file query.json (JSON, C-alpha atoms and all ligand atoms)
[["chain", "number", "residue", "atom", "x", "y", "z"],
["E", 1183, "MET", "CA", -19.56, 154.79, 157.57],
["E", 1184, "GLY", "CA", -19.38, 151.79, 159.90],
["E", 1185, "PHE", "CA", -22.26, 150.79, 162.19],
["E", 1186, "GLN", "CA", -20.61, 152.20, 165.35],
["E", 1187, "TRP", "CA", -20.08, 155.59, 163.71],
["E", 1188, "ARG", "CA", -23.70, 155.69, 162.57],
["E", 1189, "VAL", "CA", -24.86, 155.06, 166.17],
["E", 1190, "VAL", "CA", -22.59, 157.83, 167.48],
["E", 1191, "GLY", "CA", -23.96, 160.17, 164.81],
["E", 1192, "VAL", "CA", -27.59, 159.48, 165.82],
["E", 1193, "VAL", "CA", -26.75, 160.04, 169.48],
["E", 1194, "LEU", "CA", -25.10, 163.39, 168.75],
["E", 1195, "LEU", "CA", -28.04, 164.50, 166.61],
["E", 1196, "LEU", "CA", -30.55, 163.64, 169.32],
["E", 1197, "HIS", "CA", -28.49, 165.41, 171.96],
["E", 1198, "ALA", "CA", -28.19, 168.49, 169.81],
["E", 1199, "ALA", "CA", -31.96, 168.47, 169.32],
["E", 1200, "GLY", "CA", -32.57, 168.65, 173.05],
["E", 1201, "CYS", "CA", -33.72, 165.03, 173.31],
["E", 1202, "ARG", "CA", -31.78, 164.20, 176.46],
["E", 1203, "GLN", "CA", -34.82, 162.47, 177.91],
["E", 1204, "ILE", "CA", -34.94, 159.98, 175.04],
["E", 1205, "LEU", "CA", -31.34, 159.08, 175.88],
["E", 1206, "GLY", "CA", -32.16, 158.67, 179.58],
["E", 1207, "LEU", "CA", -30.24, 161.87, 180.43],
["E", 1208, "GLU", "CA", -33.18, 163.72, 181.90],
["E", 1209, "ASP", "CA", -32.81, 167.44, 182.42],
["E", 1210, "ARG", "CA", -33.81, 167.87, 186.08],
["E", 1211, "SER", "CA", -34.05, 171.63, 185.71],
["E", 1212, "ILE", "CA", -37.10, 171.14, 183.48],
["E", 1213, "ASP", "CA", -38.71, 168.89, 186.09],
["E", 1214, "ALA", "CA", -38.16, 171.36, 188.91],
["E", 1215, "SER", "CA", -40.16, 173.96, 187.03],
["E", 1216, "VAL", "CA", -43.17, 171.65, 186.86],
["E", 1217, "GLY", "CA", -43.30, 169.96, 190.23],
["E", 1218, "VAL", "CA", -41.35, 168.25, 192.97],
["E", 1219, "GLN", "CA", -38.79, 165.60, 192.12],
["E", 1220, "ASP", "CA", -39.82, 162.10, 193.07],
["E", 1221, "GLY", "CA", -36.29, 160.71, 193.10],
["E", 1222, "ALA", "CA", -37.26, 157.91, 190.73],
["E", 1223, "PRO", "CA", -35.02, 156.98, 187.79],
["E", 1224, "PRO", "CA", -35.48, 159.32, 184.83],
["E", 1225, "ASP", "CA", -38.07, 158.20, 182.30],
["E", 1226, "LEU", "CA", -39.97, 159.58, 179.35],
["E", 1227, "LEU", "CA", -42.86, 160.79, 181.54],
["E", 1228, "ASP", "CA", -40.86, 162.06, 184.49],
["E", 1229, "ASP", "CA", -40.78, 165.72, 183.59],
["E", 1230, "LEU", "CA", -44.55, 166.02, 183.58],
["E", 1231, "ASP", "CA", -45.42, 163.15, 185.91],
["E", 1232, "ASP", "CA", -43.25, 163.31, 189.01],
["E", 1233, "ASP", "CA", -44.72, 160.24, 190.71],
["E", 1234, "ASP", "CA", -44.77, 158.13, 187.55],
["E", 1235, "ASP", "CA", -48.39, 157.07, 187.99],
["E", 1236, "THR", "CA", -49.27, 158.04, 184.38],
["E", 1237, "ILE", "CA", -51.40, 161.00, 185.56],
["E", 1238, "PRO", "CA", -49.74, 164.28, 184.50],
["E", 1239, "ASP", "CA", -48.72, 166.53, 187.43],
["E", 1240, "LEU", "CA", -51.13, 169.27, 186.41],
["E", 1241, "SER", "CA", -54.16, 167.00, 186.65],
["E", 1242, "ASP", "CA", -52.89, 164.61, 189.35],
["E", 1243, "ASN", "CA", -54.78, 164.95, 192.66],
["E", 1244, "CYS", "CA", -51.66, 163.65, 194.44],
["E", 1245, "PRO", "CA", -48.78, 164.82, 192.22],
["E", 1246, "THR", "CA", -46.00, 163.37, 194.35],
["E", 1247, "LYS", "CA", -47.70, 160.12, 195.43],
["E", 1248, "ALA", "CA", -48.48, 157.37, 192.94],
["E", 1249, "ASN", "CA", -52.27, 156.91, 192.77],
["E", 1250, "ALA", "CA", -53.26, 156.01, 189.24],
["E", 1251, "ASN", "CA", -56.87, 155.42, 190.37],
["E", 1252, "GLN", "CA", -57.21, 159.07, 191.54],
["E", 1253, "TYR", "CA", -59.79, 158.00, 194.15],
["E", 1254, "ASN", "CA", -61.11, 160.96, 196.12],
["E", 1255, "GLU", "CA", -63.79, 160.05, 198.66],
["E", 1256, "ASP", "CA", -64.66, 163.58, 199.79],
["E", 1257, "ALA", "CA", -64.38, 165.12, 196.30],
["E", 1258, "ASP", "CA", -62.09, 167.94, 197.45],
["E", 1259, "ASP", "CA", -58.83, 168.82, 195.67],
["E", 1260, "ARG", "CA", -56.71, 166.07, 197.29],
["E", 1261, "GLY", "CA", -56.91, 162.37, 196.44],
["E", 1262, "ASP", "CA", -57.39, 159.75, 199.15],
["E", 1263, "ALA", "CA", -53.72, 158.74, 198.90],
["E", 1264, "CYS", "CA", -52.44, 162.16, 200.04],
["E", 1265, "ASP", "CA", -55.45, 163.61, 201.86],
["E", 1266, "VAL", "CA", -54.79, 164.25, 205.57],
["E", 1267, "CYS", "CA", -58.50, 163.67, 206.20],
["E", 1268, "PRO", "CA", -59.71, 161.57, 203.27],
["E", 1269, "GLY", "CA", -63.30, 160.94, 204.42],
["E", 1270, "ASP", "CA", -64.43, 164.51, 205.04],
["E", 1271, "VAL", "CA", -63.78, 167.78, 203.24],
["E", 1272, "ASP", "CA", -61.20, 169.67, 205.27],
["E", 1273, "ASN", "CA", -58.93, 172.68, 204.90],
["E", 1274, "GLY", "CA", -55.75, 170.60, 204.85],
["E", 1275, "VAL", "CA", -54.56, 172.12, 208.14],
["E", 1276, "ASP", "CA", -52.33, 169.71, 210.07],
["E", 1277, "ALA", "CA", -50.94, 171.74, 212.96],
["E", 1278, "ASP", "CA", -48.68, 169.02, 214.37],
["E", 1279, "GLY", "CA", -47.49, 167.86, 210.94],
["E", 1280, "ASP", "CA", -48.15, 164.14, 211.47],
["E", 1281, "LEU", "CA", -50.15, 163.82, 208.22],
["E", 1282, "VAL", "CA", -53.47, 163.46, 210.05],
["E", 1283, "GLY", "CA", -55.44, 166.67, 209.47],
["E", 1284, "ASP", "CA", -56.72, 168.60, 212.45],
["E", 1285, "ILE", "CA", -60.39, 167.68, 211.99],
["E", 1286, "CYS", "CA", -59.47, 163.96, 211.81],
["E", 1287, "ASP", "CA", -56.63, 163.98, 214.33],
["E", 1288, "PRO", "CA", -57.46, 162.56, 217.79],
["E", 1289, "HIS", "CA", -54.55, 164.66, 219.12],
["E", 1290, "PRO", "CA", -54.28, 167.66, 216.78],
["E", 1291, "GLY", "CA", -51.67, 169.37, 218.93],
["E", 1292, "THR", "CA", -49.39, 166.37, 219.45],
["E", 1293, "ALA", "CA", -47.63, 164.59, 216.58],
["E", 1294, "GLY", "CA", -47.53, 160.82, 216.32],
["E", 1295, "ASP", "CA", -50.95, 159.79, 215.01],
["E", 1296, "HIS", "CA", -51.13, 158.16, 211.62],
["E", 1297, "ILE", "CA", -53.74, 156.72, 209.28],
["E", 1298, "VAL", "CA", -53.10, 153.00, 208.87],
["E", 1299, "LEU", "CA", -56.23, 152.19, 206.88],
["E", 1300, "PHE", "CA", -58.61, 154.19, 204.77],
["E", 1301, "GLU", "CA", -61.12, 152.15, 202.78],
["E", 1302, "GLY", "CA", -63.50, 154.10, 200.58],
["E", 1303, "PHE", "CA", -64.93, 150.99, 198.85],
["E", 1304, "HIS", "CA", -64.32, 152.49, 195.42],
["E", 1305, "ASP", "CA", -63.68, 149.02, 194.01],
["E", 1306, "GLY", "CA", -66.54, 147.38, 195.90],
["E", 1307, "ILE", "CA", -66.01, 145.20, 198.95],
["E", 1308, "PRO", "CA", -62.37, 144.04, 199.05],
["E", 1309, "SER", "CA", -61.98, 140.27, 198.78],
["E", 1310, "THR", "CA", -60.06, 140.32, 202.08],
["E", 1311, "TYR", "CA", -63.18, 141.41, 203.97],
["E", 1312, "THR", "CA", -65.54, 138.88, 205.57],
["E", 1313, "ALA", "CA", -69.31, 139.38, 205.33],
["E", 1314, "THR", "CA", -71.59, 137.46, 207.67],
["E", 1315, "ASN", "CA", -75.40, 137.38, 207.45],
["E", 1316, "GLY", "CA", -77.46, 140.02, 205.70],
["E", 1317, "THR", "CA", -76.84, 140.94, 202.08],
["E", 1318, "TRP", "CA", -73.71, 142.99, 201.50],
["E", 1319, "THR", "CA", -73.33, 144.73, 198.14],
["E", 1320, "SER", "CA", -71.57, 147.82, 196.83],
["E", 1321, "ASP", "CA", -73.16, 150.81, 195.14],
["E", 1322, "SER", "CA", -71.56, 154.07, 194.00],
["E", 1323, "ASP", "CA", -68.42, 153.77, 196.16],
["E", 1324, "ASP", "CA", -70.43, 152.75, 199.24],
["E", 1325, "VAL", "CA", -71.17, 149.45, 200.94],
["E", 1326, "VAL", "CA", -74.85, 148.65, 201.32],
["E", 1327, "VAL", "CA", -76.26, 146.07, 203.70],
["E", 1328, "ALA", "CA", -79.77, 144.72, 203.98],
["E", 1329, "SER", "CA", -80.33, 143.00, 207.29],
["E", 1330, "GLY", "CA", -83.66, 141.38, 208.05],
["E", 1331, "ALA", "CA", -85.51, 141.63, 211.35],
["E", 1332, "ASP", "CA", -83.32, 140.50, 214.23],
["E", 1333, "ILE", "CA", -80.46, 139.57, 211.91],
["E", 1334, "VAL", "CA", -76.97, 140.69, 212.95],
["E", 1335, "ALA", "CA", -74.97, 141.39, 209.79],
["E", 1336, "THR", "CA", -71.26, 142.14, 210.01],
["E", 1337, "LEU", "CA", -68.52, 143.05, 207.58],
["E", 1338, "THR", "CA", -65.05, 142.78, 209.07],
["E", 1339, "PHE", "CA", -61.39, 143.06, 208.24],
["E", 1340, "PRO", "CA", -58.33, 142.24, 210.39],
["E", 1341, "ASN", "CA", -57.26, 145.41, 212.18],
["E", 1342, "PRO", "CA", -53.98, 146.56, 210.59],
["E", 1343, "ALA", "CA", -53.04, 148.60, 213.69],
["E", 1344, "THR", "CA", -50.53, 147.06, 216.07],
["E", 1345, "MET", "CA", -50.38, 149.67, 218.81],
["E", 1346, "ALA", "CA", -52.56, 149.46, 221.89],
["E", 1347, "HIS", "CA", -54.29, 152.71, 221.03],
["E", 1348, "THR", "CA", -56.40, 152.83, 217.90],
["E", 1349, "TYR", "CA", -59.33, 154.84, 216.60],
["E", 1350, "ILE", "CA", -61.88, 153.39, 214.21],
["E", 1351, "VAL", "CA", -63.99, 155.90, 212.35],
["E", 1352, "GLY", "CA", -66.86, 155.38, 209.94],
["E", 1353, "LYS", "CA", -69.73, 157.18, 208.26],
["E", 1354, "ALA", "CA", -73.10, 155.51, 207.77],
["E", 1355, "VAL", "CA", -76.49, 156.44, 206.39],
["E", 1356, "VAL", "CA", -79.52, 154.81, 208.01],
["E", 1357, "GLY", "CA", -81.63, 152.86, 205.54],
["E", 1358, "THR", "CA", -84.89, 151.04, 205.95],
["E", 1359, "ILE", "CA", -85.69, 150.35, 209.60],
["E", 1360, "HIS", "CA", -87.44, 147.04, 210.14],
["E", 1361, "PRO", "CA", -90.00, 146.70, 212.93],
["E", 1362, "PRO", "CA", -87.88, 145.94, 216.02],
["E", 1363, "ALA", "CA", -87.66, 142.31, 216.92],
["E", 1364, "ALA", "CA", -86.14, 140.93, 220.11],
["E", 1365, "ASN", "CA", -83.06, 143.15, 220.18],
["E", 1366, "GLY", "CA", -83.99, 146.33, 218.36],
["E", 1367, "ASN", "CA", -82.35, 148.09, 215.41],
["E", 1368, "ARG", "CA", -78.77, 149.22, 215.13],
["E", 1369, "VAL", "CA", -76.23, 150.73, 212.80],
["E", 1370, "GLY", "CA", -72.64, 150.70, 213.99],
["E", 1371, "ILE", "CA", -68.99, 149.98, 213.66],
["E", 1372, "VAL", "CA", -67.03, 147.08, 215.03],
["E", 1373, "ILE", "CA", -63.99, 147.85, 217.17],
["E", 1374, "GLN", "CA", -62.92, 144.30, 217.88],
["E", 1375, "TRP", "CA", -64.89, 141.39, 216.57],
["E", 1376, "ASP", "CA", -64.32, 137.69, 216.10],
["E", 1377, "GLN", "CA", -65.86, 135.72, 213.25],
["E", 1378, "PRO", "CA", -67.83, 133.51, 213.32],
["E", 1379, "THR", "CA", -68.42, 133.67, 217.06],
["E", 1380, "ILE", "CA", -70.14, 137.06, 216.73],
["E", 1381, "SER", "CA", -68.57, 138.32, 219.91],
["E", 1382, "GLY", "CA", -66.61, 141.48, 220.50],
["E", 1383, "ILE", "CA", -66.98, 145.21, 220.98],
["E", 1384, "ALA", "CA", -69.21, 147.43, 218.86],
["E", 1385, "CYS", "CA", -70.25, 151.07, 218.84],
["E", 1386, "ALA", "CA", -73.72, 151.69, 217.44],
["E", 1387, "ILE", "CA", -76.82, 153.84, 217.57],
["E", 1388, "GLY", "CA", -80.31, 152.49, 217.25],
["E", 1389, "LEU", "CA", -83.61, 151.82, 218.91],
["E", 1390, "PRO", "CA", -83.64, 149.21, 221.67],
["E", 1391, "PHE", "CA", -86.63, 146.90, 221.49],
["E", 1392, "GLY", "CA", -89.74, 148.67, 222.75],
["E", 1393, "ALA", "CA", -87.99, 152.05, 223.10],
["E", 1394, "THR", "CA", -88.97, 155.32, 221.47],
["E", 1395, "GLN", "CA", -85.76, 157.23, 222.31],
["E", 1396, "ALA", "CA", -82.74, 156.43, 220.16],
["E", 1397, "THR", "CA", -79.69, 155.27, 222.09],
["E", 1398, "MET", "CA", -75.99, 155.08, 221.47],
["E", 1399, "GLU", "CA", -74.48, 151.92, 222.81],
["E", 1400, "LEU", "CA", -71.09, 150.46, 223.47],
["E", 1401, "ARG", "CA", -71.72, 146.75, 223.32],
["E", 1402, "ASP", "CA", -69.57, 143.92, 224.59],
["E", 1403, "SER", "CA", -70.59, 140.69, 222.82],
["E", 1404, "PRO", "CA", -74.11, 140.48, 221.36],
["E", 1405, "ASN", "CA", -75.96, 140.66, 224.66],
["E", 1406, "VAL", "CA", -74.04, 142.87, 227.07],
["E", 1407, "THR", "CA", -74.21, 146.65, 227.02],
["E", 1408, "LEU", "CA", -71.22, 148.42, 228.55],
["E", 1409, "ALA", "CA", -72.57, 151.93, 228.30],
["E", 1410, "THR", "CA", -75.45, 153.85, 226.76],
["E", 1411, "ALA", "CA", -76.54, 157.43, 226.18],
["E", 1412, "ASN", "CA", -79.70, 158.94, 224.78],
["E", 1413, "ILE", "CA", -79.22, 160.54, 221.43],
["E", 1414, "ALA", "CA", -81.09, 162.21, 218.60],
["E", 1415, "THR", "CA", -83.78, 160.43, 216.66],
["E", 1416, "PHE", "CA", -82.88, 157.32, 214.74],
["E", 1417, "VAL", "CA", -84.69, 157.74, 211.45],
["E", 1418, "GLU", "CA", -84.24, 156.68, 207.86],
["E", 1419, "GLY", "CA", -81.83, 158.94, 206.00],
["E", 1420, "ASN", "CA", -79.84, 160.02, 209.08],
["E", 1421, "VAL", "CA", -76.13, 160.42, 208.37],
["E", 1422, "ILE", "CA", -74.13, 159.11, 211.32],
["E", 1423, "ASP", "CA", -70.48, 159.76, 212.12],
["E", 1424, "LEU", "CA", -69.22, 157.07, 214.46],
["E", 1425, "ARG", "CA", -65.87, 156.91, 216.20],
["E", 1426, "ALA", "CA", -64.69, 154.18, 218.50],
["E", 1427, "ASP", "CA", -61.44, 154.25, 220.39],
["E", 1428, "LYS", "CA", -59.58, 151.40, 221.99],
["E", 1429, "LEU", "CA", -57.03, 151.84, 224.74],
["E", 1430, "ALA", "CA", -56.06, 148.40, 226.08],
["E", 1431, "THR", "CA", -59.35, 147.11, 227.58],
["E", 1432, "THR", "CA", -61.01, 150.51, 227.78],
["E", 1433, "TYR", "CA", -63.23, 151.54, 224.90],
["E", 1434, "GLY", "CA", -65.02, 154.70, 223.92],
["E", 1435, "CYS", "CA", -67.82, 155.38, 221.47],
["E", 1436, "THR", "CA", -68.67, 158.75, 219.97],
["E", 1437, "SER", "CA", -71.58, 159.44, 217.65],
["E", 1438, "GLU", "CA", -72.52, 162.62, 215.90],
["E", 1439, "PRO", "CA", -75.78, 162.25, 214.01],
["E", 1440, "ALA", "CA", -77.02, 165.77, 214.68],
["E", 1441, "GLY", "CA", -74.03, 168.03, 215.23],
["E", 1442, "THR", "CA", -73.45, 167.45, 218.94],
["E", 1443, "PRO", "CA", -71.16, 164.51, 219.76],
["E", 1444, "VAL", "CA", -72.37, 162.08, 222.42],
["E", 1445, "ASN", "CA", -69.81, 159.92, 224.18],
["E", 1446, "VAL", "CA", -69.89, 156.74, 226.22],
["E", 1447, "SER", "CA", -67.03, 154.59, 227.50],
["E", 1448, "GLY", "CA", -66.45, 151.39, 229.39],
["E", 1449, "ALA", "CA", -64.08, 148.53, 230.04],
["E", 1450, "SER", "CA", -64.37, 145.07, 228.53],
["E", 1451, "ALA", "CA", -62.83, 141.68, 229.19],
["E", 1452, "VAL", "CA", -63.56, 140.56, 225.63],
["E", 1453, "ALA", "CA", -60.39, 140.38, 223.59],
["E", 1454, "PRO", "CA", -60.79, 138.64, 220.25],
["E", 1455, "ALA", "CA", -57.72, 136.68, 219.22],
["E", 1456, "ILE", "CA", -57.51, 138.54, 215.92],
["E", 1457, "PRO", "CA", -59.02, 142.01, 216.33],
["E", 1458, "HIS", "CA", -61.27, 142.76, 213.39],
["E", 1459, "VAL", "CA", -62.73, 146.14, 212.49],
["E", 1460, "GLY", "CA", -65.75, 146.76, 210.32],
["E", 1461, "PHE", "CA", -69.49, 147.34, 210.38],
["E", 1462, "ARG", "CA", -72.37, 145.83, 212.30],
["E", 1463, "THR", "CA", -76.03, 146.21, 211.43],
["E", 1464, "ARG", "CA", -79.13, 144.74, 213.04],
["E", 1465, "SER", "CA", -82.74, 144.77, 211.82],
["E", 1466, "ASN", "CA", -81.94, 147.54, 209.41],
["E", 1467, "SER", "CA", -80.50, 148.40, 206.06],
["E", 1468, "ALA", "CA", -77.64, 150.88, 205.90],
["E", 1469, "ARG", "CA", -75.17, 152.50, 203.57],
["E", 1470, "TYR", "CA", -71.60, 152.65, 204.86],
["E", 1471, "LYS", "CA", -69.43, 155.21, 203.12],
["E", 1472, "TRP", "CA", -65.94, 154.56, 204.42],
["E", 1473, "LEU", "CA", -63.84, 153.06, 207.20],
["E", 1474, "MET", "CA", -60.67, 154.54, 208.65],
["E", 1475, "VAL", "CA", -58.26, 153.31, 211.32],
["E", 1476, "ILE", "CA", -55.89, 155.73, 213.04],
["E", 1477, "GLU", "CA", -53.07, 154.54, 215.26],
["E", 1478, "SER", "CA", -51.99, 156.78, 218.12],
["E", 1479, "PRO", "CA", -49.10, 156.76, 220.59],
["L", 1501, "CA", "CA", -48.57, 161.70, 188.38],
["L", 1502, "CA", "CA", -50.33, 160.80, 191.86],
["L", 1503, "CA", "CA", -59.93, 164.12, 199.20],
["L", 1504, "CA", "CA", -52.07, 166.14, 212.81]]

call {"tool": "encode", "arguments": {"input": "query.json", "output": "structure tokens"}}
result
Amino acid sequence: MGFQWRVVGVVLLLHAAGCRQILGLEDRSIDASVGVQDGAPPDLLDDLDDDDDTIPDLSDNCPTKANANQYNEDADDRGDACDVCPGDVDNGVDADGDLVGDICDPHPGTAGDHIVLFEGFHDGIPSTYTATNGTWTSDSDDVVVASGADIVATLTFPNPATMAHTYIVGKAVVGTIHPPAANGNRVGIVIQWDQPTISGIACAIGLPFGATQATMELRDSPNVTLATANIATFVEGNVIDLRADKLATTYGCTSEPAGTPVNVSGASAVAPAIPHVGFRTRSNSARYKWLMVIESP
């Protein structure tokens, strides 16, 4: 038998044995019984791994979206890559179908919002981030900062959102509070911030110097306060949800350290050339769990 005939014989034997996948002739009917087709070229794993990320469909926390790392910030049943609210456990309900879950969606009844950045710090602090002052380290999927008395420590990243309307959301845990120096203690998020000029807009809660009542502040540059509101106690171990929104030159700041959101808003003339988002800490240590940017119409 010549070489060509031997090849034909092997092909026919494999086909007869049901090995169409080995020949690149995947049987799509098998795939459909396991999961949703990903539309990718057939391969040896495709029947059991629709998104070709090497994680079998049955154990993949995003079976139709490639996410080999399987990161899952809120430890629910959906990975960060396909979770409509990746930072907080939610029920997956997304009434307007824009892939931002209702409890995360700034406009849950109107489609058009979308998550443009979710950073859970699973791989530490990304090399694209800029840390200034303080000591920034990573620990167990969180970012930890130690900022000495009266030291302003920031960690920033260029804002990936291009629309005028963006929401920046973060979760922080208050660490060791240093005795207040000239400007008090704060834990917050940066809405727009320029490095290294340390000017911009920030949303934070803390204790102003000499105060006993914790305050939420919307700050414009290091020394100007646009708006404040009294808020629950600022103590070590507090878990703080912070949300800042930017609409042109108008900014809002919402904090929820004790179940009841407190809001402040104001207008600013500060407009950093390259808007950066991130974290800002003063006279305090803190643990930041994640950062999310949502773009809205
Ligand atoms: Ca997979
Ligand atoms: Ca996947
Ligand atoms: Ca999740
Ligand atoms: Ca939605």

call {"tool": "residues_around", "arguments": {"input": "query.json", "residues": "E:Tyr1470", "least_positions_apart": "5", "cutoff": "12 Å", "atoms": "only C-alpha atoms", "output": "ChimeraX atom specification"}}
result
/E:1269,1301-1304,1306-1307,1318-1328,1336-1337,1351-1357,1369-1371,1420-1424,1460-1463

call {"tool": "residues_near_ligand", "arguments": {"input": "query.json", "ligand": "ligand CA 1503 (chain L)", "cutoff": "8 Å", "atoms": "only C-alpha atoms and all ligand atoms", "output": "list in words"}}
result
Tyr1253, Asn1254, Glu1255, Asp1256, Ala1257, Asp1258, Asp1259, Arg1260, Gly1261, Asp1262, Cys1264, Asp1265, Cys1267, Pro1268, Gly1269, Asp1270 and Val1271 of chain E

call {"tool": "residues_near_ligand", "arguments": {"input": "query.json", "ligand": "ligand CA 1502 (chain L)", "cutoff": "7 Å", "atoms": "only C-alpha atoms and all ligand atoms", "output": "ChimeraX atom specification"}}
result
/E:1233,1235,1237,1242-1250

call {"tool": "write_last_selection", "arguments": {"input": "query.json", "atoms": "C-alpha atoms", "output": "PDB file, keeping the file's coordinate frame"}}
result
ATOM      1  CA  ASP E1233     -44.720 160.240 190.710  1.00  0.00           C
ATOM      2  CA  ASP E1235     -48.390 157.070 187.990  1.00  0.00           C
ATOM      3  CA  ILE E1237     -51.400 161.000 185.560  1.00  0.00           C
ATOM      4  CA  ASP E1242     -52.890 164.610 189.350  1.00  0.00           C
ATOM      5  CA  ASN E1243     -54.780 164.950 192.660  1.00  0.00           C
ATOM      6  CA  CYS E1244     -51.660 163.650 194.440  1.00  0.00           C
ATOM      7  CA  PRO E1245     -48.780 164.820 192.220  1.00  0.00           C
ATOM      8  CA  THR E1246     -46.000 163.370 194.350  1.00  0.00           C
ATOM      9  CA  LYS E1247     -47.700 160.120 195.430  1.00  0.00           C
ATOM     10  CA  ALA E1248     -48.480 157.370 192.940  1.00  0.00           C
ATOM     11  CA  ASN E1249     -52.270 156.910 192.770  1.00  0.00           C
ATOM     12  CA  ALA E1250     -53.260 156.010 189.240  1.00  0.00           C
TER      13      ALA E1250
END

call {"tool": "closest_atom_pairs", "arguments": {"input": "query.json", "of": "chain E", "to": "ligand CA 1504 (chain L)", "cutoff": "12 Å", "atoms": "all atoms listed in the file", "output": "JSON lines"}}
result
{"residue": "E:Asp1265", "atom": "CA", "partner": "L:CA1504", "partner_atom": "CA", "distance": 11.7}
{"residue": "E:Val1266", "atom": "CA", "partner": "L:CA1504", "partner_atom": "CA", "distance": 8.0}
{"residue": "E:Cys1267", "atom": "CA", "partner": "L:CA1504", "partner_atom": "CA", "distance": 9.5}
{"residue": "E:Gly1274", "atom": "CA", "partner": "L:CA1504", "partner_atom": "CA", "distance": 9.8}
{"residue": "E:Val1275", "atom": "CA", "partner": "L:CA1504", "partner_atom": "CA", "distance": 8.0}
{"residue": "E:Asp1276", "atom": "CA", "partner": "L:CA1504", "partner_atom": "CA", "distance": 4.5}
{"residue": "E:Ala1277", "atom": "CA", "partner": "L:CA1504", "partner_atom": "CA", "distance": 5.7}
{"residue": "E:Asp1278", "atom": "CA", "partner": "L:CA1504", "partner_atom": "CA", "distance": 4.7}
{"residue": "E:Gly1279", "atom": "CA", "partner": "L:CA1504", "partner_atom": "CA", "distance": 5.2}
{"residue": "E:Asp1280", "atom": "CA", "partner": "L:CA1504", "partner_atom": "CA", "distance": 4.6}
{"residue": "E:Leu1281", "atom": "CA", "partner": "L:CA1504", "partner_atom": "CA", "distance": 5.5}
{"residue": "E:Val1282", "atom": "CA", "partner": "L:CA1504", "partner_atom": "CA", "distance": 4.1}
{"residue": "E:Gly1283", "atom": "CA", "partner": "L:CA1504", "partner_atom": "CA", "distance": 4.8}
{"residue": "E:Asp1284", "atom": "CA", "partner": "L:CA1504", "partner_atom": "CA", "distance": 5.3}
{"residue": "E:Ile1285", "atom": "CA", "partner": "L:CA1504", "partner_atom": "CA", "distance": 8.5}
{"residue": "E:Cys1286", "atom": "CA", "partner": "L:CA1504", "partner_atom": "CA", "distance": 7.8}
{"residue": "E:Asp1287", "atom": "CA", "partner": "L:CA1504", "partner_atom": "CA", "distance": 5.3}
{"residue": "E:Pro1288", "atom": "CA", "partner": "L:CA1504", "partner_atom": "CA", "distance": 8.2}
{"residue": "E:His1289", "atom": "CA", "partner": "L:CA1504", "partner_atom": "CA", "distance": 6.9}
{"residue": "E:Pro1290", "atom": "CA", "partner": "L:CA1504", "partner_atom": "CA", "distance": 4.8}
{"residue": "E:Gly1291", "atom": "CA", "partner": "L:CA1504", "partner_atom": "CA", "distance": 6.9}
{"residue": "E:Thr1292", "atom": "CA", "partner": "L:CA1504", "partner_atom": "CA", "distance": 7.2}
{"residue": "E:Ala1293", "atom": "CA", "partner": "L:CA1504", "partner_atom": "CA", "distance": 6.0}
{"residue": "E:Gly1294", "atom": "CA", "partner": "L:CA1504", "partner_atom": "CA", "distance": 7.8}
{"residue": "E:Asp1295", "atom": "CA", "partner": "L:CA1504", "partner_atom": "CA", "distance": 6.8}
{"residue": "E:His1296", "atom": "CA", "partner": "L:CA1504", "partner_atom": "CA", "distance": 8.1}
{"residue": "E:Ile1297", "atom": "CA", "partner": "L:CA1504", "partner_atom": "CA", "distance": 10.2}
{"residue": "E:Ile1476", "atom": "CA", "partner": "L:CA1504", "partner_atom": "CA", "distance": 11.1}
{"residue": "E:Glu1477", "atom": "CA", "partner": "L:CA1504", "partner_atom": "CA", "distance": 11.9}
{"residue": "E:Ser1478", "atom": "CA", "partner": "L:CA1504", "partner_atom": "CA", "distance": 10.8}

call {"tool": "closest_residue", "arguments": {"input": "query.json", "among": "E:Val1475, E:Ala1335, E:Ala1364, E:Val1452", "to": "E:Val1406", "atoms": "all atoms listed in the file"}}
result
E:Val1452

call {"tool": "closest_residue", "arguments": {"input": "query.json", "among": "E:Val1446, E:Asp1234, E:His1458, E:Gly1392", "to": "E:Pro1361", "atoms": "all atoms listed in the file"}}
result
E:Gly1392

call {"tool": "residues_near_point", "arguments": {"input": "query.json", "point": "(-83.5, 143.4, 204.9)", "cutoff": "10 Å", "atoms": "all atoms listed in the file", "output": "ChimeraX atom specification"}}
result
/E:1316-1317,1327-1333,1357-1360,1464-1468

call {"tool": "residues_near_point", "arguments": {"input": "query.json", "point": "(-60.1, 150.9, 228.5)", "cutoff": "8 Å", "atoms": "all atoms listed in the file", "output": "list in words"}}
result
Lys1428, Leu1429, Ala1430, Thr1431, Thr1432, Tyr1433, Gly1434, Ser1447, Gly1448, Ala1449 and Ser1450 of chain E

call {"tool": "atom_distance", "arguments": {"input": "query.json", "atom1": "atom CA of E:Thr1348", "atom2": "atom CA of E:Ile1373"}}
result
9.1 Å

call {"tool": "atom_distance", "arguments": {"input": "query.json", "atom1": "atom CA of E:Asp1427", "atom2": "atom CA of E:Pro1457"}}
result
13.1 Å

call {"tool": "closest_residue", "arguments": {"input": "query.json", "among": "E:Thr1436, E:Asn1365, E:Gln1252, E:Asn1315", "to": "E:Pro1404", "atoms": "all atoms listed in the file"}}
result
E:Asn1365

call {"tool": "atom_distance", "arguments": {"input": "query.json", "atom1": "atom CA of E:Ile1456", "atom2": "atom CA of E:Leu1299"}}
result
16.4 Å

call {"tool": "closest_residue", "arguments": {"input": "query.json", "among": "E:Val1372, E:Arg1401, E:Asn1367, E:Ala1414", "to": "E:Leu1389", "atoms": "only C-alpha atoms"}}
result
E:Asn1367
